[in-house]
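Student: What follows is the file work-v1.csv, containing CSV, C-alpha atoms:
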chain,number,residue,atom,x,y,z
A,24,MET,CA,-13.2,67.1,135.2
A,25,PRO,CA,-12.7,63.8,133.2
A,26,GLY,CA,-14.4,60.7,134.5
A,27,GLY,CA,-17.2,62.5,136.3
A,28,ILE,CA,-15.3,63.9,139.2
A,29,ALA,CA,-16.6,67.5,139.4
A,30,ALA,CA,-14.7,70.6,140.4
A,31,GLU,CA,-15.3,72.6,143.5
A,32,GLY,CA,-18.8,74.1,143.7
A,33,GLY,CA,-20.6,71.1,142.1
A,34,ASP,CA,-23.3,68.9,143.6
A,35,LEU,CA,-21.5,67.3,146.5
A,36,GLY,CA,-23.8,64.3,146.7
A,37,ALA,CA,-23.5,63.5,143.0
A,38,ASP,CA,-19.7,63.9,143.2
A,39,ILE,CA,-19.4,61.5,146.1
A,40,GLU,CA,-21.6,58.9,144.4
A,41,SER,CA,-19.6,59.2,141.2
A,42,LEU,CA,-16.2,58.9,143.0
A,43,SER,CA,-17.3,56.0,145.2
A,44,ARG,CA,-18.2,54.0,142.0
A,45,ARG,CA,-14.8,54.8,140.5
A,46,LEU,CA,-13.0,53.8,143.7
A,47,ALA,CA,-14.9,50.5,143.7
A,48,GLN,CA,-13.4,49.8,140.3
A,49,VAL,CA,-10.0,50.8,141.6
A,50,ARG,CA,-10.3,48.2,144.4
A,51,THR,CA,-11.6,45.6,142.0
A,52,ASN,CA,-8.6,46.1,139.7
A,53,ILE,CA,-6.2,45.9,142.6
A,54,GLY,CA,-7.9,42.8,143.9
A,55,GLN,CA,-7.0,41.0,140.7
A,56,ILE,CA,-3.4,41.5,141.5
A,57,ILE,CA,-3.2,41.6,145.3
A,58,PHE,CA,-4.9,38.7,147.2
A,59,GLY,CA,-6.1,38.6,150.7
A,60,GLN,CA,-5.1,42.2,151.7
A,61,GLU,CA,-8.5,44.0,151.5
A,62,GLU,CA,-8.0,46.0,154.7
A,63,THR,CA,-4.5,47.0,153.6
A,64,VAL,CA,-5.7,48.1,150.2
A,65,GLU,CA,-8.6,50.1,151.8
A,66,GLN,CA,-6.4,51.9,154.3
A,67,THR,CA,-3.8,52.7,151.6
A,68,LEU,CA,-6.5,54.2,149.4
A,69,VAL,CA,-7.9,56.1,152.3
A,70,SER,CA,-4.4,57.7,152.9
A,71,LEU,CA,-3.9,58.6,149.3
A,72,LEU,CA,-7.4,60.2,149.1
A,73,ALA,CA,-6.6,62.2,152.2
A,74,GLY,CA,-3.4,63.4,150.5
A,75,GLY,CA,-1.1,61.6,152.9
A,76,HIS,CA,1.9,59.2,153.0
A,77,VAL,CA,1.8,55.6,154.0
A,78,LEU,CA,4.1,53.3,156.0
A,79,LEU,CA,3.6,49.6,155.3
A,80,VAL,CA,5.0,47.4,157.9
A,81,GLY,CA,5.4,43.6,157.6
A,82,VAL,CA,7.7,40.8,157.0
A,83,PRO,CA,9.2,40.3,153.5
A,84,GLY,CA,7.1,38.6,150.9
A,85,LEU,CA,3.6,40.0,151.7
A,86,ALA,CA,3.3,41.9,148.4
A,87,LYS,CA,3.9,45.3,149.9
A,88,THR,CA,6.1,46.4,147.0
A,89,ARG,CA,3.7,44.8,144.5
A,90,LEU,CA,0.8,46.8,146.0
A,91,VAL,CA,2.6,50.1,145.6
A,92,ASP,CA,3.5,49.3,142.0
A,93,CYS,CA,-0.1,48.3,141.3
A,94,LEU,CA,-1.4,51.5,142.9
A,95,GLY,CA,0.8,53.6,140.6
A,96,LYS,CA,-0.7,51.9,137.5
A,97,VAL,CA,-4.3,51.9,138.6
A,98,LEU,CA,-4.2,55.6,139.8
A,99,GLY,CA,-2.3,56.7,136.7
A,100,LEU,CA,0.6,58.1,138.7
A,101,ASP,CA,4.3,58.5,137.7
A,102,ALA,CA,5.9,56.0,140.1
A,103,LYS,CA,9.5,55.5,140.9
A,104,ARG,CA,11.2,53.1,143.3
A,105,VAL,CA,14.2,53.4,145.7
A,106,GLN,CA,15.7,50.3,147.3
A,107,CYS,CA,16.9,51.5,150.6
A,108,THR,CA,20.3,50.0,151.8
A,109,PRO,CA,22.8,51.1,154.4
A,110,ASP,CA,25.1,52.6,151.8
A,111,LEU,CA,22.3,54.7,150.1
A,112,MET,CA,23.1,58.4,150.2
A,113,PRO,CA,20.7,61.4,150.3
A,114,ALA,CA,21.8,62.4,146.8
A,115,ASP,CA,20.6,59.0,145.5
A,116,ILE,CA,17.1,60.1,146.5
A,117,ILE,CA,17.0,63.8,146.1
A,118,GLY,CA,19.5,64.3,143.2
A,119,SER,CA,22.7,66.1,142.9
A,120,GLU,CA,24.5,69.0,141.1
A,121,VAL,CA,27.1,68.2,138.5
A,122,LEU,CA,29.7,70.5,137.0
A,123,GLU,CA,29.4,70.9,133.3
A,124,GLU,CA,31.6,72.7,130.8
A,125,SER,CA,30.1,74.2,127.7
A,126,ASP,CA,31.7,74.5,124.3
A,127,ASN,CA,33.0,78.0,125.1
A,128,GLY,CA,34.7,76.8,128.2
A,129,ARG,CA,32.1,78.2,130.7
A,130,ARG,CA,31.5,76.0,133.7
A,131,THR,CA,28.1,75.7,135.3
A,132,PHE,CA,26.3,73.5,137.8
A,133,ARG,CA,23.3,71.5,136.6
A,134,PHE,CA,20.9,69.8,138.9
A,135,ILE,CA,20.1,66.2,138.1
A,136,LYS,CA,16.8,65.2,139.7
A,137,GLY,CA,16.6,62.1,141.8
A,138,PRO,CA,13.7,59.6,142.1
A,139,VAL,CA,12.0,61.8,144.6
A,140,PHE,CA,10.7,63.8,141.6
A,141,SER,CA,7.8,61.6,141.0
A,142,GLN,CA,4.1,61.5,141.9
A,143,LEU,CA,4.4,58.2,143.8
A,144,LEU,CA,7.7,57.4,145.4
A,145,MET,CA,8.2,53.8,146.7
A,146,ALA,CA,10.8,53.8,149.4
A,147,ASP,CA,11.4,50.0,149.7
A,148,GLU,CA,12.6,48.8,153.1
A,149,ILE,CA,13.1,52.4,154.3
A,150,ASN,CA,14.4,51.4,157.7
A,151,ARG,CA,17.4,49.7,156.1
A,152,ALA,CA,18.7,53.2,155.1
A,153,SER,CA,20.9,55.1,157.5
A,154,PRO,CA,19.3,57.9,159.5
A,155,ARG,CA,21.1,60.5,157.4
A,156,THR,CA,19.5,59.1,154.3
A,157,GLN,CA,16.1,58.8,156.0
A,158,SER,CA,16.2,62.5,156.9
A,159,ALA,CA,16.5,63.3,153.2
A,160,LEU,CA,12.8,62.7,152.8
A,161,LEU,CA,11.7,64.9,155.8
A,162,GLN,CA,11.4,68.2,153.8
A,163,ALA,CA,9.9,66.4,150.7
A,164,MET,CA,7.2,64.7,152.7
A,165,GLN,CA,6.1,67.8,154.6
A,166,GLU,CA,6.6,70.7,152.2
A,167,HIS,CA,6.6,68.8,148.8
A,168,LYS,CA,9.9,70.4,147.8
A,169,VAL,CA,13.6,69.9,148.3
A,170,SER,CA,16.5,72.2,148.7
A,171,VAL,CA,19.9,71.5,147.0
A,172,GLY,CA,22.8,73.9,146.7
A,173,GLY,CA,20.8,76.8,148.0
A,174,GLN,CA,18.0,76.3,145.5
A,175,THR,CA,14.5,75.0,146.2
A,176,HIS,CA,12.9,72.6,143.7
A,177,ALA,CA,9.2,71.9,143.8
A,178,LEU,CA,8.0,68.3,143.5
A,179,PRO,CA,5.4,67.0,141.1
A,180,GLN,CA,1.8,67.1,142.2
A,181,PRO,CA,0.3,65.0,143.7
A,182,PHE,CA,3.3,63.7,145.7
A,183,HIS,CA,3.0,60.6,147.9
A,184,VAL,CA,5.6,58.5,149.7
A,185,LEU,CA,4.6,54.8,150.2
A,186,ALA,CA,7.4,53.3,152.3
A,187,THR,CA,7.7,49.7,153.2
A,188,GLN,CA,9.4,48.7,156.5
A,189,ASN,CA,10.6,45.4,157.9
A,190,PRO,CA,9.9,44.6,161.5
A,191,LEU,CA,12.6,46.2,163.7
A,192,GLU,CA,13.5,42.8,165.1
A,193,GLN,CA,15.1,41.9,161.8
A,194,GLU,CA,18.9,42.5,161.4
A,195,GLY,CA,20.2,45.6,159.7
A,196,THR,CA,17.4,48.0,160.4
A,197,TYR,CA,17.5,51.5,161.7
A,198,PRO,CA,14.3,52.8,163.5
A,199,LEU,CA,12.7,55.8,161.9
A,200,PRO,CA,12.9,59.0,164.0
A,201,GLU,CA,9.7,60.2,165.6
A,202,ALA,CA,9.6,63.3,163.4
A,203,GLN,CA,9.6,61.2,160.3
A,204,LEU,CA,7.1,58.7,161.6
A,205,ASP,CA,4.7,61.6,162.3
A,206,ARG,CA,4.8,62.6,158.6
A,207,PHE,CA,3.1,59.3,157.6
A,208,LEU,CA,-0.6,59.7,157.7
A,209,LEU,CA,-1.1,56.0,158.4
A,210,GLN,CA,1.0,53.1,159.5
A,211,ILE,CA,-0.5,50.0,158.0
A,212,ASP,CA,0.5,46.6,159.5
A,213,VAL,CA,0.4,44.0,156.7
A,214,HIS,CA,-0.5,40.5,157.9
A,215,TYR,CA,-0.3,37.1,156.3
A,216,PRO,CA,-3.2,36.3,153.9
A,217,THR,CA,-6.0,33.8,154.7
A,218,VAL,CA,-5.7,30.2,153.5
A,219,ASP,CA,-8.2,30.8,150.7
A,220,ALA,CA,-6.4,34.0,149.5
A,221,GLU,CA,-3.1,32.2,149.6
A,222,ARG,CA,-4.5,29.3,147.6
A,223,GLN,CA,-5.8,31.7,145.0
A,224,MET,CA,-2.4,33.5,144.9
A,225,LEU,CA,-0.6,30.2,144.3
A,226,ILE,CA,-2.8,29.3,141.4
A,227,VAL,CA,-2.9,32.8,139.7
A,228,THR,CA,0.7,33.9,140.2
A,229,THR,CA,2.5,30.7,139.0
A,230,GLY,CA,0.7,30.4,135.7
A,231,ALA,CA,1.9,31.2,132.2
A,232,ALA,CA,0.7,34.8,132.4
A,233,GLU,CA,-0.1,37.3,135.2
A,234,ALA,CA,-2.8,39.9,135.1
A,235,GLU,CA,-1.8,43.5,134.7
A,236,PRO,CA,-3.7,46.2,136.4
A,237,ALA,CA,-5.6,48.7,134.2
A,238,ALA,CA,-5.7,52.4,135.0
A,239,VAL,CA,-8.9,53.7,136.4
A,240,LEU,CA,-8.0,57.3,137.5
A,241,SER,CA,-5.5,59.9,136.4
A,242,ALA,CA,-3.3,62.1,138.5
A,243,ALA,CA,-5.6,65.0,137.8
A,244,GLU,CA,-8.6,63.0,138.9
A,245,LEU,CA,-6.9,61.9,142.1
A,246,MET,CA,-6.2,65.5,143.0
A,247,ALA,CA,-9.8,66.4,142.3
A,248,ALA,CA,-10.8,63.5,144.6
A,249,GLN,CA,-8.5,64.8,147.3
A,250,ARG,CA,-10.2,68.2,147.1
A,251,LEU,CA,-13.5,66.5,147.3
A,252,VAL,CA,-12.5,64.8,150.5
A,253,ARG,CA,-12.0,68.1,152.1
A,254,ARG,CA,-15.5,69.2,151.1
A,255,VAL,CA,-17.1,66.3,153.0
A,256,PRO,CA,-18.9,67.7,156.1
A,257,VAL,CA,-18.0,66.4,159.5
A,258,GLY,CA,-20.6,66.4,162.3
A,259,ASP,CA,-19.9,67.9,165.8
A,260,LYS,CA,-20.1,64.5,167.4
A,261,VAL,CA,-17.3,63.1,165.2
A,262,VAL,CA,-15.1,66.2,165.8
A,263,GLU,CA,-15.6,65.8,169.5
A,264,ALA,CA,-14.8,62.0,169.3
A,265,ILE,CA,-11.5,62.8,167.5
A,266,LEU,CA,-10.6,65.4,170.1
A,267,ARG,CA,-11.5,63.0,172.9
A,268,LEU,CA,-9.5,60.2,171.4
A,269,VAL,CA,-6.4,62.2,170.7
A,270,ARG,CA,-6.3,64.1,174.0
A,271,ALA,CA,-7.0,60.9,176.0
A,272,GLY,CA,-3.8,59.4,174.5
A,273,ARG,CA,-1.6,62.1,176.1
A,274,PRO,CA,-0.2,61.0,179.5
A,275,GLU,CA,-0.2,64.6,180.7
A,276,THR,CA,-4.0,65.1,180.2
A,277,SER,CA,-5.5,61.6,180.0
A,278,GLU,CA,-7.9,60.3,182.6
A,279,ILE,CA,-7.1,56.7,181.7
A,280,ASP,CA,-4.8,55.1,184.2
A,281,ALA,CA,-3.2,52.8,181.6
A,282,VAL,CA,-2.2,55.8,179.4
A,283,ARG,CA,-0.7,57.8,182.3
A,284,SER,CA,1.3,54.8,183.5
A,285,SER,CA,2.4,53.2,180.2
A,286,LEU,CA,3.0,55.9,177.6
A,287,ALA,CA,6.2,58.0,177.3
A,288,TRP,CA,4.4,60.4,174.9
A,289,GLY,CA,1.1,60.7,173.2
A,290,PRO,CA,-0.2,61.9,169.8
A,291,GLY,CA,0.2,65.5,168.7
A,292,PRO,CA,-2.3,67.7,166.8
A,293,ARG,CA,-1.2,66.1,163.5
A,294,ALA,CA,-2.9,62.8,164.7
A,295,GLY,CA,-6.2,64.7,165.0
A,296,GLN,CA,-5.8,66.1,161.5
A,297,ALA,CA,-5.0,62.7,160.2
A,298,LEU,CA,-8.1,61.2,161.8
A,299,MET,CA,-10.3,64.0,160.4
A,300,LEU,CA,-9.1,63.6,156.8
A,301,ALA,CA,-8.9,59.8,156.9
A,302,SER,CA,-12.4,59.5,158.3
A,303,ARG,CA,-13.7,61.7,155.5
A,304,ALA,CA,-11.9,59.7,152.9
A,305,ARG,CA,-13.2,56.4,154.4
A,306,ALA,CA,-16.8,57.6,154.3
A,307,LEU,CA,-16.4,58.8,150.7
A,308,MET,CA,-15.0,55.5,149.6
A,309,GLN,CA,-18.1,53.8,151.0
A,310,GLY,CA,-20.4,56.3,149.3
A,311,ARG,CA,-21.5,58.0,152.5
A,312,PHE,CA,-21.9,61.8,152.7
A,313,SER,CA,-20.4,62.2,156.2
A,314,PRO,CA,-18.0,60.2,158.5
A,315,SER,CA,-19.2,58.6,161.7
A,316,ILE,CA,-17.6,57.7,165.0
A,317,ASP,CA,-17.2,54.1,163.6
A,318,ASP,CA,-14.8,55.6,161.0
A,319,VAL,CA,-12.8,57.2,163.8
A,320,ALA,CA,-12.7,53.9,165.7
A,321,ALA,CA,-11.7,51.9,162.5
A,322,LEU,CA,-8.8,54.3,161.8
A,323,ALA,CA,-7.5,54.8,165.3
A,324,HIS,CA,-4.9,52.0,165.1
A,325,PRO,CA,-3.2,53.0,161.8
A,326,VAL,CA,-3.3,56.7,162.8
A,327,LEU,CA,-2.0,56.3,166.3
A,328,ARG,CA,0.3,53.3,166.4
A,329,HIS,CA,3.3,55.2,165.1
A,330,ARG,CA,2.5,58.4,167.1
A,331,ILE,CA,2.6,57.1,170.6
A,332,ALA,CA,5.4,55.2,172.5
A,333,LEU,CA,5.4,52.9,175.5
A,334,ASN,CA,7.7,53.9,178.4
A,335,TYR,CA,10.4,51.5,179.6
A,336,SER,CA,8.4,50.0,182.5
A,337,ALA,CA,5.4,49.3,180.3
A,338,ARG,CA,7.6,47.5,177.8
A,339,ALA,CA,9.1,45.5,180.6
A,340,GLU,CA,5.7,44.5,181.8
A,341,GLY,CA,4.6,43.3,178.4
A,342,ALA,CA,2.2,46.1,177.6
A,343,THR,CA,1.4,46.7,173.9
A,344,LEU,CA,0.3,49.7,171.8
A,345,THR,CA,-2.6,47.7,170.5
A,346,SER,CA,-4.1,47.3,174.0
A,347,ILE,CA,-3.6,51.0,174.8
A,348,ILE,CA,-5.3,52.1,171.6
A,349,ASP,CA,-8.1,49.7,172.3
A,350,ARG,CA,-8.6,51.4,175.6
A,351,LEU,CA,-8.8,54.8,173.8
A,352,ILE,CA,-11.3,53.5,171.4
A,353,GLY,CA,-13.4,52.0,174.2
A,354,GLN,CA,-13.9,55.4,175.8
A,355,LEU,CA,-15.6,56.7,172.6
A,356,ASP,CA,-18.7,54.6,173.4
Could you write out this file's structure as structure tokens?
Tutor:
Amino acid sequence: MPGGIAAEGGDLGADIESLSRRLAQVRTNIGQIIFGQEETVEQTLVSLLAGGHVLLVGVPGLAKTRLVDCLGKVLGLDAKRVQCTPDLMPADIIGSEVLEESDNGRRTFRFIKGPVFSQLLMADEINRASPRTQSALLQAMQEHKVSVGGQTHALPQPFHVLATQNPLEQEGTYPLPEAQLDRFLLQIDVHYPTVDAERQMLIVTTGAAEAEPAAVLSAAELMAAQRLVRRVPVGDKVVEAILRLVRAGRPETSEIDAVRSSLAWGPGPRAGQALMLASRARALMQGRFSPSIDDVAALAHPVLRHRIALNYSARAEGATLTSIIDRLIGQLD
């Protein structure tokens, strides 16, 4: 495999060390473009290494779209962008069939592919699209294929959706349905940069020329890295910690009073799968041969925050998902 990422069956330790060095270069290249968002960059790369989709949530102007564009270039992926608006239609994302007439007068339908046929689809401000249009991505995100006119079309590999979302308090937004939220491996909350990062941003981005990110990986190498993530061994203690965390978040089975009284529903099995893969990817990024309970705790918030919901009384009393997830993390000690 080019670039030193070996195929299955190679020396796992050497493969992990080689990939962690390449990923360090990926983060360095992104850091030349995106300032003050180190945690966001790390969690996004973790999700891509785990083969998942990412939901980036934050107010406009925090470089969410710029990050996705930068990732496409650094990872060597074919990236396309959809600007979601209330009048966007499903065909604008998936594609549509058009009727064509040949020279001999024969009429046939031809499928014109939409932007979903890419390796990295940026769905900008996804919650400004109508529910009907949001649902157009459900099959693509889960099965990596779309169905149009009775025909199934496979999507390119790898396929990732990186969606940005404005806070629901802003006008003109439609909340994503729970089924679609669950298809995002991580929900990453993007915060304002520190004063030092913002100072550097002001200086660098208002000059005569801006830096352009250089490619570090290719699509084939990213897929090899995703296969490598699944080869990373996970200890029994980490598996039990993931099970304990996920099951403790379900009101029906939890022994935590705050969970039983505050949550309308808890995380399903997909949350445990996400924690398992993301913990492996985080360990690999840091050059470690196996994930730890610290990885599970570090990823609990982005894995769970979009997979649990407060009930009405808890919202009225001012409870927050952050405090509930903190309680879940606390019982891992």
Student: So which residues touch Gln203 (chain A) within 9 Å, counting all atoms listed in the file, skipping near sequence neighbours fewer than 2 positions away, as a list of chain:residue names?
Tutor: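 Skipping anything fewer than 2 positions along the chain leaves A:Gln157, A:Ser158, A:Leu160, A:Leu161, A:Met164, A:Leu199, A:Pro200, A:Glu201, A:Asp205, A:Arg206, A:Phe207.
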Student: Given all atoms listed in the file as the basis, pick out the residue of A:Asn127, A:Pro198, A:Asn189, A:Val139 nearest to Arg155 (chain A).
Tutor: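 Going through A:Asn127, A:Pro198, A:Asn189, A:Val139 one by one, the smallest distance to Arg155 (chain A) is for A:Pro198.
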Student: With distances taken over all atoms listed in the file, which of A:Leu85, A:Cys93, A:Val227, A:Leu251 is nearest to Ala37 (chain A)?
Tutor: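 Among the listed residues, the smallest separation from Ala37 (chain A) belongs to A:Leu251.
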Student: Quick one: residues within 8 Å of Ala242 (chain A), only C-alpha atoms, excluding same-chain residues fewer than 2 positions away - as a PDB file with C-alpha atoms, in the coordinates of the input?
Tutor:
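Result written to part.pdb:
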ATOM      1  CA  LEU A  98      -4.200  55.600 139.800  1.00  0.00           C
ATOM      2  CA  GLY A  99      -2.300  56.700 136.700  1.00  0.00           C
ATOM      3  CA  LEU A 100       0.600  58.100 138.700  1.00  0.00           C
ATOM      4  CA  PRO A 181       0.300  65.000 143.700  1.00  0.00           C
ATOM      5  CA  LEU A 240      -8.000  57.300 137.500  1.00  0.00           C
ATOM      6  CA  GLU A 244      -8.600  63.000 138.900  1.00  0.00           C
ATOM      7  CA  LEU A 245      -6.900  61.900 142.100  1.00  0.00           C
ATOM      8  CA  MET A 246      -6.200  65.500 143.000  1.00  0.00           C
TER       9      MET A 246
END
Student: Name the residues in contact with Gly353 (chain A) at a cut-off of 10 Å, using all atoms listed in the file, excluding same-chain residues fewer than 6 positions from it; report them as a list in words.
Tutor: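 In the requested form, the answer reads Leu268, Ala320 and Ile347 of chain A.
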Student: Quick one: residues within 8 Å of Ala304 (chain A), all atoms listed in the file counted, chain neighbours fewer than 5 positions away excluded, as an mmCIF file with C-alpha atoms, in the coordinates of the input?
Tutor:
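As a result, part-v4.cif now contains:
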data_model
loop_
_atom_site.group_PDB
_atom_site.id
_atom_site.type_symbol
_atom_site.label_atom_id
_atom_site.label_comp_id
_atom_site.auth_asym_id
_atom_site.auth_seq_id
_atom_site.Cartn_x
_atom_site.Cartn_y
_atom_site.Cartn_z
ATOM 1 C CA VAL A 69 -7.900 56.100 152.300
ATOM 2 C CA SER A 70 -4.400 57.700 152.900
ATOM 3 C CA LEU A 72 -7.400 60.200 149.100
ATOM 4 C CA ALA A 73 -6.600 62.200 152.200
ATOM 5 C CA VAL A 252 -12.500 64.800 150.500
#
Student: In terms of the shortest atom-to-atom distance over only C-alpha atoms, which of A:Lys168, A:Arg270, A:Lys103, A:His76 is closest to Leu208 (chain A)?
Tutor: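 Ranked by minimum distance to Leu208 (chain A), first place goes to A:His76.
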Student: What lies within 12 Å of Pro190 (chain A) using only C-alpha atoms, ignoring chain neighbours under 3 positions off, as a PyMOL selection string?
Tutor: chain A and resi 78-83+148-151+187+193-199+212-214
Student: Enclose all atoms of region 149-158 of chain A listed in the file in an axis-aligned box, grow every side by 4 Å, and hand back centre and edge lengths in Å to one decimal, as JSON.
Tutor:
{"center_x": 17.1, "center_y": 56.1, "center_z": 156.9, "size_x": 16.0, "size_y": 20.8, "size_z": 13.2}
